[in-house]
$ cat work.tsv   # TSV, C-alpha atoms
chain	number	residue	atom	x	y	z
T	1	ALA	CA	12.88	-4.11	-12.54
T	2	GLN	CA	11.70	-5.14	-9.12
T	3	SER	CA	7.99	-5.46	-8.36
T	4	VAL	CA	5.71	-6.84	-5.69
T	5	THR	CA	2.26	-8.34	-6.08
T	6	GLN	CA	-0.19	-8.76	-3.24
T	7	PRO	CA	-3.05	-10.71	-4.83
T	8	ASP	CA	-5.58	-10.10	-2.07
T	9	ILE	CA	-6.90	-6.57	-1.78
T	10	HIS	CA	-9.05	-7.29	1.25
T	11	ILE	CA	-9.29	-10.17	3.71
T	12	THR	CA	-11.83	-10.63	6.49
T	13	VAL	CA	-10.95	-13.01	9.29
T	14	SER	CA	-12.61	-13.92	12.57
T	15	GLU	CA	-10.84	-13.10	15.81
T	16	GLY	CA	-8.83	-16.11	16.91
T	17	ALA	CA	-8.62	-17.56	13.42
T	18	SER	CA	-5.42	-17.91	11.45
T	19	LEU	CA	-4.32	-15.38	8.84
T	20	GLU	CA	-2.18	-15.71	5.76
T	21	LEU	CA	-1.30	-12.82	3.46
T	22	ARG	CA	0.25	-13.57	0.11
T	23	CYS	CA	3.15	-11.76	-1.49
T	24	ASN	CA	4.91	-12.52	-4.76
T	25	TYR	CA	7.90	-10.60	-5.98
T	26	SER	CA	9.89	-10.16	-9.12
T	27	TYR	CA	13.56	-9.41	-8.68
T	28	GLY	CA	16.74	-10.13	-10.58
T	29	ALA	CA	18.79	-11.32	-7.62
T	30	THR	CA	18.32	-12.39	-4.04
T	31	PRO	CA	16.12	-9.67	-2.63
T	32	TYR	CA	15.69	-8.20	0.77
T	33	LEU	CA	12.05	-8.77	1.73
T	34	PHE	CA	9.91	-6.95	4.24
T	35	TRP	CA	6.44	-6.87	5.70
T	36	TYR	CA	5.10	-3.59	7.08
T	37	VAL	CA	1.81	-2.83	8.82
T	38	GLN	CA	-0.02	0.49	8.64
T	39	SER	CA	-2.89	1.47	10.91
T	40	PRO	CA	-5.28	4.18	9.72
T	41	GLY	CA	-3.59	7.57	9.55
T	42	GLN	CA	-0.29	6.17	10.73
T	43	GLY	CA	3.09	5.50	9.24
T	44	LEU	CA	4.46	2.07	8.49
T	45	GLN	CA	5.77	-0.27	11.17
T	46	LEU	CA	8.18	-3.04	10.29
T	47	LEU	CA	6.83	-6.48	11.19
T	48	LEU	CA	9.71	-8.59	9.93
T	49	LYS	CA	12.43	-8.80	7.32
T	50	TYR	CA	14.38	-11.40	5.40
T	51	PHE	CA	17.90	-10.79	4.20
T	52	SER	CA	19.38	-14.30	4.12
T	53	GLY	CA	19.63	-17.53	6.10
T	54	ASP	CA	16.68	-19.32	7.66
T	55	THR	CA	13.73	-18.98	5.33
T	56	LEU	CA	11.20	-18.88	8.17
T	57	VAL	CA	11.36	-15.47	9.77
T	58	GLN	CA	9.81	-14.48	13.08
T	59	GLY	CA	8.59	-10.96	13.61
T	60	ILE	CA	6.80	-8.81	16.10
T	61	LYS	CA	3.20	-9.21	17.27
T	62	GLY	CA	3.28	-12.97	16.68
T	63	PHE	CA	3.75	-12.75	12.90
T	64	GLU	CA	6.01	-14.97	10.83
T	65	ALA	CA	6.82	-15.18	7.13
T	66	GLU	CA	8.33	-17.83	4.91
T	67	PHE	CA	10.60	-17.11	1.97
T	68	LYS	CA	10.19	-19.57	-0.91
T	69	ARG	CA	12.65	-18.85	-3.67
T	70	SER	CA	11.15	-21.41	-6.05
T	71	GLN	CA	7.78	-19.67	-5.86
T	72	SER	CA	9.12	-16.10	-5.54
T	73	SER	CA	6.89	-15.74	-2.52
T	74	PHE	CA	7.14	-14.28	0.97
T	75	ASN	CA	3.81	-14.99	2.65
T	76	LEU	CA	2.93	-13.60	6.06
T	77	ARG	CA	1.14	-15.70	8.66
T	78	LYS	CA	-0.31	-15.40	12.12
T	79	PRO	CA	-1.80	-18.41	13.95
T	80	SER	CA	-4.43	-16.49	15.93
T	81	VAL	CA	-5.61	-13.02	14.97
T	82	HIS	CA	-6.50	-10.33	17.50
T	83	TRP	CA	-8.89	-7.45	16.86
T	84	SER	CA	-5.91	-5.09	17.02
T	85	ASP	CA	-4.44	-6.74	13.91
T	86	ALA	CA	-7.00	-4.97	11.75
T	87	ALA	CA	-4.84	-2.79	9.51
T	88	GLU	CA	-3.27	-2.60	6.08
T	89	TYR	CA	-0.30	-4.81	5.37
T	90	PHE	CA	2.39	-4.12	2.81
T	91	CYS	CA	4.99	-6.45	1.39
T	92	ALA	CA	8.13	-4.78	0.07
T	93	VAL	CA	11.28	-5.77	-1.76
T	94	GLY	CA	14.46	-3.78	-1.71
T	95	LYS	CA	18.13	-3.65	-2.35
T	96	ASP	CA	20.68	-1.03	-1.49
T	97	TYR	CA	18.62	1.87	-0.35
T	98	LYS	CA	15.04	1.89	-1.60
T	99	LEU	CA	11.96	-0.26	-1.32
T	100	SER	CA	9.28	-1.24	-3.82
T	101	PHE	CA	5.96	-1.89	-2.16
T	102	GLY	CA	2.94	-3.92	-3.12
T	103	ALA	CA	-0.47	-2.28	-3.21
T	104	GLY	CA	-1.33	-3.68	0.21
T	105	THR	CA	-3.89	-6.01	1.76
T	106	THR	CA	-6.51	-4.63	4.10
T	107	VAL	CA	-7.33	-6.97	6.97
T	108	THR	CA	-10.67	-6.72	8.74
T	109	VAL	CA	-11.17	-8.68	11.95
T	110	ARG	CA	-14.69	-9.64	12.94
T	111	ALA	CA	-15.68	-10.54	16.47
X	1	ASP	CA	15.00	8.53	20.67
X	2	THR	CA	11.40	8.93	19.59
X	3	GLY	CA	11.84	7.72	16.03
X	4	VAL	CA	11.29	9.53	12.76
X	5	SER	CA	9.15	12.63	13.13
X	6	GLN	CA	7.39	14.58	10.41
X	7	ASP	CA	5.83	18.01	10.44
X	8	PRO	CA	3.12	18.97	9.77
X	9	ARG	CA	0.93	15.90	10.03
X	10	HIS	CA	-1.72	17.43	7.83
X	11	LYS	CA	-1.63	20.22	5.26
X	12	ILE	CA	-4.44	21.64	3.19
X	13	THR	CA	-3.40	24.04	0.47
X	14	LYS	CA	-4.90	25.72	-2.54
X	15	ARG	CA	-3.80	24.69	-5.99
X	16	GLY	CA	-0.81	26.72	-7.11
X	17	GLN	CA	0.58	27.35	-3.65
X	18	ASN	CA	3.96	26.13	-2.44
X	19	VAL	CA	4.26	23.78	0.51
X	20	THR	CA	7.21	22.52	2.54
X	21	PHE	CA	7.40	19.45	4.74
X	22	ARG	CA	10.02	18.61	7.34
X	23	CYS	CA	11.42	15.26	8.41
X	24	ASP	CA	13.65	14.60	11.42
X	25	PRO	CA	15.23	11.15	11.14
X	26	ILE	CA	16.49	8.91	13.92
X	27	SER	CA	19.58	10.71	15.10
X	28	GLU	CA	22.28	8.16	14.23
X	29	HIS	CA	20.80	7.29	10.83
X	30	ASN	CA	22.77	8.54	7.87
X	31	ARG	CA	20.23	7.59	5.19
X	32	LEU	CA	16.96	9.38	4.65
X	33	TYR	CA	14.23	8.57	2.16
X	34	TRP	CA	11.08	10.23	0.94
X	35	TYR	CA	8.10	8.22	-0.30
X	36	ARG	CA	4.68	9.18	-1.58
X	37	GLN	CA	1.57	7.12	-0.91
X	38	THR	CA	-1.71	7.71	-2.70
X	39	LEU	CA	-5.00	6.27	-1.56
X	40	GLY	CA	-5.21	2.52	-1.96
X	41	GLN	CA	-1.59	2.14	-3.03
X	42	GLY	CA	1.68	1.24	-1.45
X	43	PRO	CA	4.36	3.88	-0.93
X	44	GLU	CA	6.44	4.87	-3.94
X	45	PHE	CA	10.06	5.88	-3.66
X	46	LEU	CA	10.78	9.55	-4.40
X	47	THR	CA	14.32	10.33	-3.37
X	48	TYR	CA	17.16	9.32	-1.09
X	49	PHE	CA	19.96	11.01	0.84
X	50	GLN	CA	23.10	9.66	2.33
X	51	ASN	CA	24.21	12.27	4.82
X	52	GLU	CA	23.70	15.58	3.00
X	53	ALA	CA	24.09	14.18	-0.52
X	54	GLN	CA	20.99	13.48	-2.59
X	55	LEU	CA	21.98	10.31	-4.42
X	56	GLU	CA	18.90	9.42	-6.41
X	57	LYS	CA	15.63	10.93	-7.52
X	58	SER	CA	12.73	8.94	-8.92
X	59	ARG	CA	11.16	9.99	-12.19
X	60	LEU	CA	8.07	10.64	-10.05
X	61	LEU	CA	9.87	13.66	-8.65
X	62	SER	CA	9.02	16.37	-11.16
X	63	ASP	CA	10.79	19.70	-11.43
X	64	ARG	CA	8.24	21.15	-9.02
X	65	PHE	CA	9.62	18.98	-6.24
X	66	SER	CA	12.85	19.69	-4.41
X	67	ALA	CA	14.35	18.00	-1.40
X	68	GLU	CA	17.26	19.05	0.77
X	69	ARG	CA	19.11	17.69	3.72
X	70	PRO	CA	21.45	20.40	4.94
X	71	LYS	CA	24.17	19.20	7.31
X	72	GLY	CA	22.94	15.65	6.96
X	73	SER	CA	20.35	15.94	9.69
X	74	PHE	CA	16.73	16.95	9.04
X	75	SER	CA	15.31	17.08	5.53
X	76	THR	CA	12.75	19.23	3.78
X	77	LEU	CA	10.57	18.40	0.81
X	78	GLU	CA	9.14	21.37	-1.08
X	79	ILE	CA	6.44	21.23	-3.70
X	80	GLN	CA	6.02	24.33	-5.84
X	81	ARG	CA	2.83	25.27	-7.67
X	82	THR	CA	0.88	22.39	-6.15
X	83	GLU	CA	-1.58	20.46	-8.28
X	84	GLN	CA	-4.51	18.32	-7.21
X	85	GLY	CA	-2.56	15.26	-8.26
X	86	ASP	CA	-0.03	16.03	-5.54
X	87	SER	CA	-2.60	15.12	-2.89
X	88	ALA	CA	-1.09	12.16	-1.05
X	89	MET	CA	0.62	11.03	2.12
X	90	TYR	CA	4.31	11.94	2.09
X	91	LEU	CA	6.35	9.54	4.16
X	92	CYS	CA	9.88	9.96	5.40
X	93	ALA	CA	12.06	7.09	6.49
X	94	SER	CA	15.59	6.69	7.77
X	95	SER	CA	18.08	3.88	8.08
X	96	TYR	CA	21.63	3.27	9.23
X	97	GLY	CA	24.46	1.85	7.23
X	98	GLY	CA	24.30	-0.50	4.31
X	99	GLY	CA	21.10	-2.36	5.12
X	100	THR	CA	17.75	-1.38	3.77
X	101	GLU	CA	15.71	-1.68	6.93
X	102	ALA	CA	13.98	1.68	7.00
X	103	PHE	CA	12.02	3.14	9.88
X	104	PHE	CA	9.11	5.32	8.84
X	105	GLY	CA	7.57	8.46	10.25
X	106	GLN	CA	3.83	8.94	10.53
X	107	GLY	CA	3.72	10.97	7.35
X	108	THR	CA	2.35	14.30	6.20
X	109	ARG	CA	-1.02	14.14	4.50
X	110	LEU	CA	-1.31	16.79	1.80
X	111	THR	CA	-4.66	17.82	0.38
X	112	VAL	CA	-4.67	20.21	-2.56
X	113	VAL	CA	-8.01	21.93	-3.12

$ encode --input "work.tsv" --output "structure tokens"
Amino acid sequence: AQSVTQPDIHITVSEGASLELRCNYSYGATPYLFWYVQSPGQGLQLLLKYFSGDTLVQGIKGFEAEFKRSQSSFNLRKPSVHWSDAAEYFCAVGKDYKLSFGAGTTVTVRA
Amino acid sequence: DTGVSQDPRHKITKRGQNVTFRCDPISEHNRLYWYRQTLGQGPEFLTYFQNEAQLEKSRLLSDRFSAERPKGSFSTLEIQRTEQGDSAMYLCASSYGGGTEAFFGQGTRLTVV
């Protein structure tokens, strides 16, 4: 069975500082991996995805993620956080037609 | 195209009542998914359509839940005899072709009182 673990429930970061969100997955084959962001009361917006190829993936809003097969990880990073990045972030793994999501990491940005 | 739209955005209902939600996917997308998200959790897969055919239902989808996608366009999700445990955000997503990149709507938040 596929599963996703996001070890950090909540992260607080200062504006302008770097951010890294951790994601570990369990999957029987090469997975498709995703990061989504959800602002309060909103649906999910896709930040980036990994299907195959280059293990460093660039996404929208200045985010990037690195796929490490040996560690079963797909961590999300941003070099310099903006106040508008405060939101909940979900890592997801999927194949075929459905996604399994982690429980999410809430990011708070302090001035 | 304005993306995936869901209606209503919010629904408050009394326990035991029936509710129906609507999802309009991105027009060229042939796949449509329903997810449920409870507070503090990630979305959980409920069911999936390819065109008008419902191809899989999660065990989370009890007999009180039914989903349809007539003509392969919009979809409805009905919950009969609602229970307090049904309170959640119901998300719809759509995608095109064989990939699993899904675009999500803003969801319908259901509160059962």

$ interface_residues --input "work.tsv" --of "chain T" --to "chain X" --cutoff "12 Å" --atoms "only C-alpha atoms" --output "JSON, numbers by chain"
{"T": [3, 4, 5, 6, 9, 10, 31, 32, 33, 34, 35, 36, 37, 38, 39, 40, 41, 42, 43, 44, 45, 46, 47, 48, 49, 50, 51, 88, 89, 90, 91, 92, 93, 94, 95, 96, 97, 98, 99, 100, 101, 102, 103, 104, 105, 106]}

$ residues_around --input "work.tsv" --residues "His82 in chain T" --least-positions-apart "6" --cutoff "8 Å" --atoms "all atoms listed in the file" --output "list in words"
Glu15, Gly16 and Val109 of chain T

$ residues_around --input "work.tsv" --residues "range 69-81 of chain T" --least-positions-apart "4" --cutoff "7 Å" --atoms "all atoms listed in the file" --output "list in words"
Glu15, Gly16, Ala17, Ser18, Leu19, Glu20, Leu21, Arg22, Cys23, Asn24, Tyr25, Ser26, Gly62, Phe63, Glu64, Ala65 and Asp85 of chain T

$ axis_aligned_box --input "work.tsv" --around "range 52-65 of chain X" --padding-each-side "3 Å" --output "AutoDock Vina command-line options"
--center_x 16.1 --center_y 15.0 --center_z -4.6 --size_x 22.0 --size_y 18.2 --size_z 21.2

$ residues_around --input "work.tsv" --residues "range 15-29 of chain X" --least-positions-apart "4" --cutoff "7 Å" --atoms "only C-alpha atoms" --output "number ranges by chain"
X: 1, 3-8, 74-84, 92-96, 112-113

$ atom_distance --input "work.tsv" --atom1 "CA of Arg36 in chain X" --atom2 "CA of Thr111 in chain X"
12.9 Å

$ atom_distance --input "work.tsv" --atom1 "CA of Ala87 in chain T" --atom2 "CA of Val107 in chain T"
5.5 Å

$ closest_residue --input "work.tsv" --among "T:Ala1, T:Glu66, T:Val57, T:Arg110" --to "Ala86 in chain T" --atoms "all atoms listed in the file"
T:Arg110

$ atom_distance --input "work.tsv" --atom1 "CA of Leu110 in chain X" --atom2 "CA of His10 in chain X"
6.1 Å
